[in-house]
Each structure stands twice: as structure tokens, then as C-alpha cells.
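Since the structure comes first, as C-alpha cells, the remarks are kept for the end.
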Protein chains: 2
Amino acid sequence: MTTETFTPVDAAFDDLLEIDAATADLLFREARTVNTFVDEAVPDEKIQAAYDLVRWGPTALNTLPLRLFIVRDAAARARLTEHLGDGNKAKTLAAPLTIVAAADPNFHEHLAVLAPHMEGARERFDAAGEEMRGGMARTSALIQVGYFIVGLRAAGLHVGPMGGFDAAGVDAEFFAENGWKSLIVLNVGTPAGEGASHPRQTRLRFDEVSLTV
Amino acid sequence: MTTETFTPVDAAFDDLLEIDAATADLLFREARTVNTFVDEAVPDEKIQAAYDLVRWGPTALNTLPLRLFIVRDAAARARLTEHLGDGNKAKTLAAPLTIVAAADPNFHEHLAVLAPHMEGARERFDAAGEEMRGGMARTSALIQVGYFIVGLRAAGLHVGPMGGFDAAGVDAEFFAENGWKSLIVLNVGTPAGEGASHPRQTRLRFDEVSLTV
């Protein structure tokens with residue numbers, strides 16, 4: 001074995017955490033990727049509570065490029081599902097709420113407000129072009145996706161993230177006007193009991209992912 | 001104004017969070033990007049406590065591509081600093097600990113253990129090539145960077161993330177053998193009192209970053 005088998009609580013370094021065990025479990029240790037949810041609406045306020053919490057997380061130059069495309073309408077859901085991998089279609093059609101997390105290459109339009117100390121930043125990013133801005137937006141927005149998944153869990157929600165979809169197809173279908181670039185699709189809700197998640201798999205140990213010099 | 005001015009606590013939806021206010025403040029609302037740290041060693045155990053917590057966060061196919069290059073040696077620190085933007089050099093030389101977060105395009109070597117149910121996954125990803133794997137590794141590892149910043153804060157540490165560096169230069173300097181791709185550089189430690197961070201800037205509101213259909 002090169003990894004530990006699953007133990008929901010890694011006790012060894014627990015006393016080094018400044019959050020309590022129940023919070024550590026809620027946000028990371030017992031939270032699971034969920035495939036099957038109870039049929040119960042997820043209120044917008046819960047999504048906003050998650051966003052309002054995590055929007056304080058750091059991004060490059062305070063650019064905040066993460067955008068959230070919240071799919072409630074049944075017809076829009078069906079259009080989205082067309083662009084998902086086969087294994088992701090049925091569970092997305094059945095989920096109470098689906099969010100497409102995206103990056104906004106036009107984040108620079110907000111910089112006069114978000115970074116008022118950086119004089120002329122909007123103009124410099126405008127001149128730098130969409131490809132440069134798109135790469136930068138993608139990097140920070142993906143880090144924000146990490147915060148947002150934590151935030152949804154902090155709001156008591158569970159998440160089923162999916163990378164298996166045709167991003168160019170989703171962007172053409174929904175983002176032709178605003179230019180957003182889809183990053184990941186998240187089903188959101190309350191797990192439908194046991195069997196809502198696959199059995200938990202192992203994780204790499206600290207010594208397997210780190211090098212110290 | 002298109003955004004709210006800074007209020008450390010967004011009270012409106014607080015009662016929708018299942019974590020307490022002190023934890024919300026520790027992880028997001030009062031945590032700040034730190035530029036100046038007290039001169040006090042950061043023990044490996046705290047970094048491991050942060051990793052052990054957040055390694056349970058979801059990644060595509062449980063690939064866990066995030067890698068941590070922990071720079072303690074003074075000579076290595078100086079070599080790293082050569083590849084940072086001018087504004088990031090002095091503060092990194094003075095930081096008690098610096099971590100280069102990276103993505104591993106050879107994540108597939110672990111899949112027999114991490115995803116034993118996906119028969120032949122290692123071989124399929126091997127055949128798919130390094131460019132495909134590199135893109136996939138970057139996406140999941142950046143999401144893990146989001147988790148990891150939260151984890152460091154959960155371990156009572158503060159973070160100064162920096163995107164301003166020559167990634168190709170860092171990769172050639174340190175990762176020529178293992179093939180890791182640097183994503184972001186994090187200074188880590190305890191803030192040196194007031195003035196350790198810049199004044200807090202505003203954030204975009206939920207209605208500015210979201211669209212509901």
C-alpha cells in the first residue's frame with residue numbers, strides 16, 4: 001500500500017487545528033461527493049450565504065473572476081445536460097439544483113472598484129487581450145471554486161462536482177453573449193441517504209505529495 | 001458604487017451558515033492576504049495538519065494532483081526568489097516559510113490505489129499523453145489550492161498567495177526531474193501586527209457574479 005486506507009478522522013494532528021472536529025468533518029472529512037439528492041428545492045439564499053462567505057478569499061489582484069450560472073428552469077437544465085458526459089446526465093436531470101461555475105475573462109471591467117489603488121489597471125488588462133485575461137481568470141476562478149465548495153458545505157449543502165462535460169459546448173449554449181468560460185458543473189442539495197455517494201476512496205499521504213528543501 | 005464597501009461580517013445570511021461566526025471569520029471573513037510575518041518558524045506538523053484536513057476535498061476521479069514544494073533552505077529560497085516578480089522578492093526572502101503549490105501531470109501513476117474501481121485508468125491516461133494530463137491536473141490542483149488555503153487558516157496560519165512569478169523558470173529550476181508544474185507561491189506564517197496586510201478592498205456582490213435561469 002502506498003496510501004492509508006480511509007479513516008474519517010485523521011487524529012494525529014487534530015490538536016493543531018483551530019476549528020472544532022464537527023466543523024472539520026462538515027467541511028472536509030465526512031463531506032462526500034454526492035450523486036443522488038432528496039427532491040427538495042435549494043433556496044437562493046443558501047447559495048448566496050455560501051458566496052457571501054467565500055468571496056473574502058484571496059484572488060490575484062482581487063479580481064474575483066468566479067461567476068455562477070444557476071440553472072433552475074427545466075428547459076435550461078435539459079439544454080445543459082446535452083453537453084454533459086453520459087454518466088453525468090441522469091443525475092443532473094434529477095438534482096434539485098445545478099450550478100455551472102465559470103471564469104469571466106472580462107473581470108477587468110470591475111477593477112476600478114475592486115482594486116482602486118492600481119491606477120489604469122482596467123486599461124492595461126484591456127490592452128493585454130482576452131487570451132491573457134482568460135488564463136488569469138481561469139487560475140483565480142478555479143481557486144475560488146475550491147472556496148465555494150467549502151462555502152456550500154458551510155451552508156449545510158452537499159455538492160456533486162463534475163468535470164466530465166463539453167466546456168466549449170456549454171459556453172456556446174449559454175455564454176455566447178457574456179463571454180464566461182465554464183470550469184466545472186456542480187449539483188447541489190441534500191444527500192438521499194446511504195448510497196447517495198460511492199464508497200470513499202483513499203487519499204495520498206502528506207509525504208507522498210510534498211517535498212521539503 | 002457597484003459593490004458594497006467592506007463589512008467584515010455579512011450579517012444578512014449568517015443564520016443560514018452551519019459554522020459558527022468565529023470559524024467563518026477565521027477561514028474567510030477576517031482572514032487577510034499577509035505580506036509581513038513574525039520571525040517564527042512554521043512547524044511541518046502544521047502544514048501536514050492543513051493537508052490532512054483538505055485532502056478529503058473532491059478532485060476529478062480522485063486524482064489529487066496537488067503537490068507541495070516546501071522551501072526551508074536559505075539557498076533554495078534565494079533561487080526561488082530569482083523567479084518572482086520584483087514586488088514579491090523581499091517579502092518572500094523575509095517570510096518564515098514559502099510553499100510552491102504545483103500540479104503533477106503524472107498523477108495517473110497513483111490511480112491503481114486512488115481509483116481502484118477504474119480498471120485500466122493508469123494505462124489510458126498514460127496513452128492520453130502529458131498535455132491532456134497536464135490540463136486535467138492543473139484544473140483539479142487549483143481547486144485543491146483553494147481548499148489548502150482554507151486548511152492553512154484552519155491550522156491557525158496566515159497566507160500570502162502570489163501569482164506574480166515566472167512559472168516556467170520555477171519549473172526548470174526545481175521540477176526538471178519530477179515534472180511538477182508550479183501554480184502559485186504561498187508565503188505562510190503569523191502576521192506581524194497591523195500593516196502586515198494592505199487595506200481591505202471591496203468584493204463583488206452575489207447579484208454581480210451570478211445569473212439564474
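Naming works like this for the C-alpha cells: A, B, ... for the chains as they're shown, residue 1 at the start of each chain, ligands 1 onward in shown order.
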- Output as a VMD selection string all residues of segment 123-174 of chain A that backbone DSSP marks as helix (DSSP H, G or I). chain A and resid 123 to 128 130 to 154 167 to 174
Select all residues from chain A having any atom no more than 7 Å from an atom of chain B (counting only C-alpha atoms, ignoring ligands), output as an mmCIF file with N, CA and C atoms, in the first residue's frame.
```cif
data_model
loop_
_atom_site.group_PDB
_atom_site.id
_atom_site.type_symbol
_atom_site.label_atom_id
_atom_site.label_comp_id
_atom_site.auth_asym_id
_atom_site.auth_seq_id
_atom_site.Cartn_x
_atom_site.Cartn_y
_atom_site.Cartn_z
ATOM 1 N N ASP A 10 -8.549 11.960 10.871
ATOM 2 C CA ASP A 10 -7.108 11.779 10.981
ATOM 3 C C ASP A 10 -6.678 12.403 12.283
ATOM 4 N N PHE A 13 -2.891 14.901 13.904
ATOM 5 C CA PHE A 13 -2.569 16.322 14.010
ATOM 6 C C PHE A 13 -3.793 17.175 14.357
ATOM 7 N N ASP A 14 -4.837 16.503 14.866
ATOM 8 C CA ASP A 14 -6.086 17.184 15.173
ATOM 9 C C ASP A 14 -5.915 18.354 16.121
ATOM 10 N N LEU A 16 -3.743 20.374 16.294
ATOM 11 C CA LEU A 16 -3.126 21.534 15.659
ATOM 12 C C LEU A 16 -4.143 22.378 14.890
ATOM 13 N N LEU A 17 -5.378 21.886 14.791
ATOM 14 C CA LEU A 17 -6.407 22.654 14.088
ATOM 15 C C LEU A 17 -7.109 23.612 15.047
ATOM 16 N N GLU A 18 -7.473 24.781 14.539
ATOM 17 C CA GLU A 18 -8.186 25.752 15.372
ATOM 18 C C GLU A 18 -9.682 25.740 15.084
ATOM 19 N N ILE A 19 -10.137 24.803 14.266
ATOM 20 C CA ILE A 19 -11.579 24.616 14.089
ATOM 21 C C ILE A 19 -11.955 23.332 14.802
ATOM 22 N N THR A 23 -16.774 20.827 12.691
ATOM 23 C CA THR A 23 -16.592 21.683 11.514
ATOM 24 C C THR A 23 -15.637 21.038 10.518
ATOM 25 N N PHE A 28 -14.803 18.955 5.319
ATOM 26 C CA PHE A 28 -13.856 18.119 4.578
ATOM 27 C C PHE A 28 -13.941 16.627 4.888
ATOM 28 N N ARG A 29 -13.850 16.271 6.159
ATOM 29 C CA ARG A 29 -13.527 14.886 6.469
ATOM 30 C C ARG A 29 -14.687 13.926 6.271
ATOM 31 N N THR A 33 -18.679 13.581 -2.162
ATOM 32 C CA THR A 33 -19.253 13.898 -3.468
ATOM 33 C C THR A 33 -20.575 13.148 -3.581
ATOM 34 N N LYS A 46 -29.405 30.247 0.375
ATOM 35 C CA LYS A 46 -28.316 29.366 0.832
ATOM 36 C C LYS A 46 -27.104 29.500 -0.088
ATOM 37 N N GLN A 48 -26.428 32.155 -1.828
ATOM 38 C CA GLN A 48 -25.857 33.469 -1.544
ATOM 39 C C GLN A 48 -25.071 33.459 -0.232
ATOM 40 N N ALA A 49 -25.567 32.760 0.785
ATOM 41 C CA ALA A 49 -24.828 32.671 2.050
ATOM 42 C C ALA A 49 -23.451 32.064 1.816
ATOM 43 N N TYR A 51 -21.753 32.085 -1.053
ATOM 44 C CA TYR A 51 -20.926 33.040 -1.800
ATOM 45 C C TYR A 51 -20.480 34.199 -0.916
ATOM 46 N N ASP A 52 -21.409 34.731 -0.116
ATOM 47 C CA ASP A 52 -21.065 35.874 0.738
ATOM 48 C C ASP A 52 -19.936 35.528 1.702
ATOM 49 N N LEU A 53 -19.884 34.256 2.114
ATOM 50 C CA LEU A 53 -18.786 33.817 2.985
ATOM 51 C C LEU A 53 -17.461 33.776 2.233
ATOM 52 N N VAL A 54 -17.465 33.120 1.069
ATOM 53 C CA VAL A 54 -16.183 32.793 0.432
ATOM 54 C C VAL A 54 -15.665 33.896 -0.486
ATOM 55 N N ARG A 55 -16.489 34.905 -0.741
ATOM 56 C CA ARG A 55 -15.988 35.970 -1.606
ATOM 57 C C ARG A 55 -14.822 36.727 -0.966
ATOM 58 N N TRP A 56 -14.614 36.533 0.349
ATOM 59 C CA TRP A 56 -13.493 37.191 1.008
ATOM 60 C C TRP A 56 -12.180 36.452 0.797
ATOM 61 N N GLY A 57 -12.232 35.276 0.211
ATOM 62 C CA GLY A 57 -10.995 34.528 -0.064
ATOM 63 C C GLY A 57 -10.138 35.251 -1.098
ATOM 64 N N PRO A 58 -8.805 35.080 -1.006
ATOM 65 C CA PRO A 58 -7.907 35.836 -1.893
ATOM 66 C C PRO A 58 -7.954 35.384 -3.353
ATOM 67 N N ALA A 60 -5.982 36.775 -7.302
ATOM 68 C CA ALA A 60 -4.912 37.613 -7.854
ATOM 69 C C ALA A 60 -5.437 39.033 -8.062
ATOM 70 N N ARG A 67 -17.737 33.217 -11.664
ATOM 71 C CA ARG A 67 -19.136 33.527 -11.944
ATOM 72 C C ARG A 67 -19.962 32.268 -11.760
ATOM 73 N N LEU A 68 -21.231 32.444 -11.386
ATOM 74 C CA LEU A 68 -22.114 31.316 -11.074
ATOM 75 C C LEU A 68 -23.349 31.369 -11.955
ATOM 76 N N PHE A 69 -23.510 30.332 -12.769
ATOM 77 C CA PHE A 69 -24.683 30.219 -13.634
ATOM 78 C C PHE A 69 -25.604 29.187 -12.987
ATOM 79 N N ILE A 70 -26.682 29.679 -12.413
ATOM 80 C CA ILE A 70 -27.556 28.856 -11.572
ATOM 81 C C ILE A 70 -28.742 28.392 -12.408
ATOM 82 N N VAL A 71 -28.850 27.077 -12.570
ATOM 83 C CA VAL A 71 -29.821 26.515 -13.506
ATOM 84 C C VAL A 71 -31.016 25.965 -12.744
ATOM 85 N N ARG A 72 -32.152 26.667 -12.847
ATOM 86 C CA ARG A 72 -33.396 26.224 -12.189
ATOM 87 C C ARG A 72 -34.434 25.785 -13.232
ATOM 88 N N ASP A 73 -34.512 26.490 -14.320
ATOM 89 C CA ASP A 73 -35.511 26.241 -15.361
ATOM 90 C C ASP A 73 -35.320 24.853 -15.995
ATOM 91 N N ALA A 76 -33.768 24.840 -19.536
ATOM 92 C CA ALA A 76 -32.333 25.154 -19.495
ATOM 93 C C ALA A 76 -31.547 23.960 -18.965
ATOM 94 N N LEU A 114 -12.685 47.209 -7.588
ATOM 95 C CA LEU A 114 -12.075 46.135 -6.793
ATOM 96 C C LEU A 114 -10.633 46.434 -6.413
ATOM 97 N N ALA A 115 -9.943 47.208 -7.251
ATOM 98 C CA ALA A 115 -8.532 47.500 -6.996
ATOM 99 C C ALA A 115 -8.261 48.965 -7.339
ATOM 100 N N THR A 139 -7.266 30.689 -13.621
ATOM 101 C CA THR A 139 -6.473 30.323 -12.443
ATOM 102 C C THR A 139 -7.157 30.768 -11.153
ATOM 103 N N LEU A 142 -10.668 29.039 -10.512
ATOM 104 C CA LEU A 142 -10.613 27.651 -10.033
ATOM 105 C C LEU A 142 -10.281 27.604 -8.539
ATOM 106 N N ILE A 143 -9.376 28.472 -8.098
ATOM 107 C CA ILE A 143 -9.102 28.555 -6.655
ATOM 108 C C ILE A 143 -10.394 28.949 -5.923
ATOM 109 N N GLN A 144 -11.150 29.875 -6.516
ATOM 110 C CA GLN A 144 -12.438 30.256 -5.914
ATOM 111 C C GLN A 144 -13.446 29.109 -5.919
ATOM 112 N N VAL A 145 -13.376 28.220 -6.912
ATOM 113 C CA VAL A 145 -14.244 27.034 -6.900
ATOM 114 C C VAL A 145 -13.955 26.210 -5.649
ATOM 115 N N GLY A 146 -12.667 26.091 -5.305
ATOM 116 C CA GLY A 146 -12.312 25.391 -4.062
ATOM 117 C C GLY A 146 -12.954 26.049 -2.852
ATOM 118 N N TYR A 147 -12.849 27.373 -2.763
ATOM 119 C CA TYR A 147 -13.505 28.086 -1.645
ATOM 120 C C TYR A 147 -15.020 27.835 -1.663
ATOM 121 N N ALA A 154 -20.415 24.730 4.197
ATOM 122 C CA ALA A 154 -20.604 25.543 5.404
ATOM 123 C C ALA A 154 -22.064 25.975 5.536
ATOM 124 N N ALA A 155 -22.743 26.096 4.390
ATOM 125 C CA ALA A 155 -24.167 26.454 4.400
ATOM 126 C C ALA A 155 -25.056 25.214 4.529
ATOM 127 N N GLY A 156 -24.443 24.071 4.829
ATOM 128 C CA GLY A 156 -25.218 22.859 5.075
ATOM 129 C C GLY A 156 -25.612 22.106 3.817
ATOM 130 N N GLY A 163 -16.502 17.169 -13.755
ATOM 131 C CA GLY A 163 -15.599 17.718 -14.772
ATOM 132 C C GLY A 163 -15.893 17.151 -16.148
ATOM 133 N N GLN A 201 -12.851 6.550 -1.361
ATOM 134 C CA GLN A 201 -11.546 6.051 -1.764
ATOM 135 C C GLN A 201 -10.447 6.667 -0.896
ATOM 136 N N THR A 202 -9.269 6.101 -0.986
ATOM 137 C CA THR A 202 -8.129 6.562 -0.182
ATOM 138 C C THR A 202 -7.629 7.916 -0.683
ATOM 139 N N ARG A 203 -6.749 8.521 0.069
ATOM 140 C CA ARG A 203 -6.115 9.770 -0.314
ATOM 141 C C ARG A 203 -4.596 9.604 -0.191
ATOM 142 N N PHE A 206 0.634 13.004 3.155
ATOM 143 C CA PHE A 206 1.433 14.228 3.087
ATOM 144 C C PHE A 206 2.823 13.944 2.505
ATOM 145 N N VAL A 209 2.872 13.723 -1.321
ATOM 146 C CA VAL A 209 2.571 14.900 -2.159
ATOM 147 C C VAL A 209 3.514 16.066 -1.887
ATOM 148 N N SER A 210 4.405 15.929 -0.895
ATOM 149 C CA SER A 210 5.249 17.065 -0.537
ATOM 150 C C SER A 210 6.725 16.742 -0.631
ATOM 151 N N LEU A 211 7.473 17.765 -0.940
ATOM 152 C CA LEU A 211 8.942 17.704 -0.951
ATOM 153 C C LEU A 211 9.410 18.903 -0.146
ATOM 154 N N THR A 212 10.337 18.700 0.778
ATOM 155 C CA THR A 212 10.881 19.819 1.539
ATOM 156 C C THR A 212 12.360 19.990 1.199
ATOM 157 N N VAL A 213 12.745 21.229 0.887
ATOM 158 C CA VAL A 213 14.172 21.515 0.649
ATOM 159 C C VAL A 213 14.616 22.581 1.652
#
```
If chain A is fitted onto chain B by least squares over all C-alpha atoms, taken pair by pair in sequence order, what do its new coordinates look like as a compact mmCIF listing (two decimals) with C-alpha atoms, in the first residue's frame?
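The result, written out as selection.txt:
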```
# COMPACT_ATOMS: atom_id res chain seq x y z
CA MET A 1 -20.92 52.18 -6.39
CA THR A 2 -21.37 48.79 -7.96
CA THR A 3 -20.12 46.93 -4.88
CA GLU A 4 -20.58 47.07 -1.16
CA THR A 5 -17.90 48.67 0.91
CA PHE A 6 -16.18 46.24 3.23
CA THR A 7 -18.05 44.91 6.21
CA PRO A 8 -16.14 42.09 7.91
CA VAL A 9 -19.34 40.29 8.82
CA ASP A 10 -22.09 39.98 6.24
CA ALA A 11 -24.92 39.53 8.64
CA ALA A 12 -27.80 39.12 6.21
CA PHE A 13 -27.47 35.39 5.63
CA ASP A 14 -25.44 34.45 8.70
CA ASP A 15 -28.17 32.32 10.19
CA LEU A 16 -28.01 30.12 7.10
CA LEU A 17 -24.45 29.02 7.88
CA GLU A 18 -23.83 25.86 9.90
CA ILE A 19 -20.39 27.00 11.05
CA ASP A 20 -20.06 29.48 13.88
CA ALA A 21 -19.16 33.13 13.33
CA ALA A 22 -15.64 32.73 14.76
CA THR A 23 -14.90 29.95 12.26
CA ALA A 24 -16.38 31.95 9.37
CA ASP A 25 -14.13 34.86 10.38
CA LEU A 26 -11.04 32.63 10.78
CA LEU A 27 -11.41 30.93 7.41
CA PHE A 28 -12.75 33.76 5.25
CA ARG A 29 -14.22 36.94 6.62
CA GLU A 30 -11.39 38.30 8.76
CA ALA A 31 -8.53 36.34 7.18
CA ARG A 32 -6.31 38.53 5.03
CA THR A 33 -3.56 38.18 2.47
CA VAL A 34 -0.43 38.75 4.55
CA ASN A 35 2.78 40.39 3.32
CA THR A 36 4.80 40.67 6.55
CA PHE A 37 5.17 37.84 9.06
CA VAL A 38 6.70 37.49 12.52
CA ASP A 39 10.10 35.79 12.53
CA GLU A 40 8.97 32.46 13.95
CA ALA A 41 9.40 29.01 12.41
CA VAL A 42 6.32 27.27 11.00
CA PRO A 43 6.46 23.59 12.01
CA ASP A 44 5.95 20.92 9.35
CA GLU A 45 3.22 19.42 11.55
CA LYS A 46 1.01 22.48 10.99
CA ILE A 47 1.39 22.17 7.22
CA GLN A 48 0.61 18.48 7.46
CA ALA A 49 -2.44 19.17 9.65
CA ALA A 50 -3.72 21.53 6.94
CA TYR A 51 -3.08 18.97 4.20
CA ASP A 52 -4.53 16.06 6.18
CA LEU A 53 -7.73 18.07 6.58
CA VAL A 54 -8.19 19.20 2.99
CA ARG A 55 -7.03 16.09 1.18
CA TRP A 56 -10.60 14.82 1.63
CA GLY A 57 -11.91 17.54 -0.68
CA PRO A 58 -13.17 16.33 -4.08
CA THR A 59 -10.97 16.17 -7.20
CA ALA A 60 -11.77 14.78 -10.66
CA LEU A 61 -11.70 10.96 -10.43
CA ASN A 62 -9.95 11.30 -7.03
CA THR A 63 -6.74 12.21 -8.84
CA LEU A 64 -5.38 14.50 -6.08
CA PRO A 65 -2.83 16.21 -8.37
CA LEU A 66 -1.80 18.97 -5.91
CA ARG A 67 1.85 18.83 -4.85
CA LEU A 68 3.61 20.97 -2.24
CA PHE A 69 7.20 22.12 -2.60
CA ILE A 70 8.15 23.39 0.84
CA VAL A 71 11.10 25.76 0.82
CA ARG A 72 13.07 25.97 4.09
CA ASP A 73 16.70 26.03 2.93
CA ALA A 74 18.08 29.57 2.55
CA ALA A 75 19.91 28.82 -0.69
CA ALA A 76 16.78 27.28 -2.25
CA ARG A 77 14.76 30.29 -1.08
CA ALA A 78 17.20 32.60 -2.86
CA ARG A 79 16.96 30.52 -6.05
CA LEU A 80 13.15 30.63 -5.89
CA THR A 81 13.11 34.36 -5.32
CA GLU A 82 15.03 34.94 -8.55
CA HIS A 83 11.91 33.81 -10.44
CA LEU A 84 9.44 36.00 -8.55
CA GLY A 85 8.15 39.39 -9.65
CA ASP A 86 10.08 42.31 -8.18
CA GLY A 87 7.27 43.18 -5.78
CA ASN A 88 7.32 39.65 -4.35
CA LYS A 89 11.07 39.17 -3.77
CA ALA A 90 11.78 40.97 -0.48
CA LYS A 91 8.67 39.72 1.31
CA THR A 92 9.41 36.13 0.27
CA LEU A 93 13.02 36.31 1.44
CA ALA A 94 11.71 37.55 4.80
CA ALA A 95 8.83 35.07 5.18
CA PRO A 96 9.24 32.22 7.69
CA LEU A 97 8.04 29.61 5.17
CA THR A 98 7.30 29.53 1.47
CA ILE A 99 5.40 26.79 -0.36
CA VAL A 100 5.21 26.39 -4.14
CA ALA A 101 1.86 24.73 -4.90
CA ALA A 102 2.16 22.65 -8.06
CA ALA A 103 0.22 20.20 -10.23
CA ASP A 104 1.55 16.74 -11.06
CA PRO A 105 0.86 15.67 -14.68
CA ASN A 106 1.90 12.17 -13.62
CA PHE A 107 -0.96 11.83 -11.15
CA HIS A 108 -2.07 8.74 -13.06
CA GLU A 109 0.76 6.70 -11.52
CA HIS A 110 -1.30 6.62 -8.30
CA LEU A 111 -4.67 5.71 -9.83
CA ALA A 112 -4.48 1.98 -9.14
CA VAL A 113 -4.64 2.96 -5.46
CA LEU A 114 -6.74 6.14 -5.64
CA ALA A 115 -9.37 4.83 -8.05
CA PRO A 116 -9.17 1.02 -7.96
CA HIS A 117 -12.68 0.75 -9.46
CA MET A 118 -11.48 2.34 -12.72
CA GLU A 119 -9.79 -0.59 -14.33
CA GLY A 120 -7.01 0.35 -16.72
CA ALA A 121 -7.18 4.05 -15.84
CA ARG A 122 -3.41 4.34 -15.43
CA GLU A 123 -2.82 2.93 -18.90
CA ARG A 124 -5.49 5.09 -20.54
CA PHE A 125 -4.07 8.27 -19.01
CA ASP A 126 -0.59 7.19 -19.97
CA ALA A 127 -1.73 6.86 -23.59
CA ALA A 128 -3.61 10.18 -23.44
CA GLY A 129 -0.30 11.99 -23.09
CA GLU A 130 1.23 14.61 -20.86
CA GLU A 131 -0.53 17.62 -22.37
CA MET A 132 -4.00 16.18 -21.67
CA ARG A 133 -2.95 15.08 -18.21
CA GLY A 134 -1.33 18.44 -17.51
CA GLY A 135 -4.55 20.34 -18.23
CA MET A 136 -6.57 18.00 -16.08
CA ALA A 137 -4.00 18.14 -13.27
CA ARG A 138 -3.97 21.94 -13.37
CA THR A 139 -7.77 22.19 -13.04
CA SER A 140 -8.11 19.89 -10.03
CA ALA A 141 -4.91 21.09 -8.35
CA LEU A 142 -6.07 24.74 -8.49
CA ILE A 143 -9.34 23.74 -6.82
CA GLN A 144 -7.18 21.98 -4.22
CA VAL A 145 -5.19 25.21 -3.76
CA GLY A 146 -8.49 26.79 -2.69
CA TYR A 147 -9.03 24.00 -0.15
CA PHE A 148 -5.42 24.25 1.04
CA ILE A 149 -5.56 27.99 1.73
CA VAL A 150 -8.66 27.29 3.84
CA GLY A 151 -6.82 24.41 5.54
CA LEU A 152 -3.79 26.54 6.43
CA ARG A 153 -6.13 29.06 8.03
CA ALA A 154 -7.91 26.24 9.87
CA ALA A 155 -4.49 25.32 11.28
CA GLY A 156 -4.13 28.88 12.57
CA LEU A 157 -1.72 30.00 9.86
CA HIS A 158 -1.95 33.01 7.57
CA VAL A 159 -1.14 33.05 3.88
CA GLY A 160 0.28 35.46 1.33
CA PRO A 161 -0.51 33.94 -2.10
CA MET A 162 1.47 35.26 -5.10
CA GLY A 163 0.68 34.76 -8.76
CA GLY A 164 3.44 37.08 -9.94
CA PHE A 165 6.29 34.71 -10.84
CA ASP A 166 7.89 33.01 -13.82
CA ALA A 167 6.29 29.56 -13.69
CA ALA A 168 8.47 28.11 -16.46
CA GLY A 169 11.56 29.38 -14.64
CA VAL A 170 10.47 27.82 -11.32
CA ASP A 171 9.66 24.54 -13.06
CA ALA A 172 13.07 24.42 -14.78
CA GLU A 173 14.84 25.34 -11.54
CA PHE A 174 13.15 22.82 -9.24
CA PHE A 175 10.92 20.40 -11.14
CA ALA A 176 13.06 19.27 -14.09
CA GLU A 177 13.09 15.73 -12.72
CA ASN A 178 9.61 15.19 -11.30
CA GLY A 179 7.72 17.19 -13.94
CA TRP A 180 5.59 19.19 -11.49
CA LYS A 181 4.08 22.42 -12.84
CA SER A 182 4.03 25.38 -10.44
CA LEU A 183 0.65 27.07 -9.88
CA ILE A 184 1.05 29.62 -7.13
CA VAL A 185 3.57 30.60 -4.45
CA LEU A 186 2.39 30.91 -0.85
CA ASN A 187 4.17 32.65 1.99
CA VAL A 188 2.98 31.20 5.28
CA GLY A 189 3.22 32.28 8.92
CA THR A 190 1.84 34.59 11.58
CA PRO A 191 1.09 38.24 10.63
CA ALA A 192 3.45 40.89 12.00
CA GLY A 193 0.73 43.05 13.55
CA GLU A 194 -1.07 45.94 11.85
CA GLY A 195 0.31 46.87 8.45
CA ALA A 196 1.03 43.20 7.68
CA SER A 197 -1.74 43.41 5.08
CA HIS A 198 -2.88 46.09 2.67
CA PRO A 199 -6.19 47.83 3.45
CA ARG A 200 -9.06 45.51 2.58
CA GLN A 201 -10.73 46.05 -0.76
CA THR A 202 -14.38 45.53 -1.67
CA ARG A 203 -15.84 42.35 -3.14
CA LEU A 204 -18.42 41.77 -5.86
CA ARG A 205 -21.95 41.14 -4.66
CA PHE A 206 -23.81 37.87 -5.33
CA ASP A 207 -26.06 39.58 -7.89
CA GLU A 208 -22.96 40.83 -9.74
CA VAL A 209 -21.42 37.38 -10.16
CA SER A 210 -24.50 35.20 -10.63
CA LEU A 211 -27.12 34.61 -13.28
CA THR A 212 -30.16 32.44 -12.61
CA VAL A 213 -32.16 30.81 -15.41
```
- DSSP strand (DSSP E) selection over chain B, as a PyMOL selection string: chain B and resi 66-71+97-103+158-162+181-189+210-212
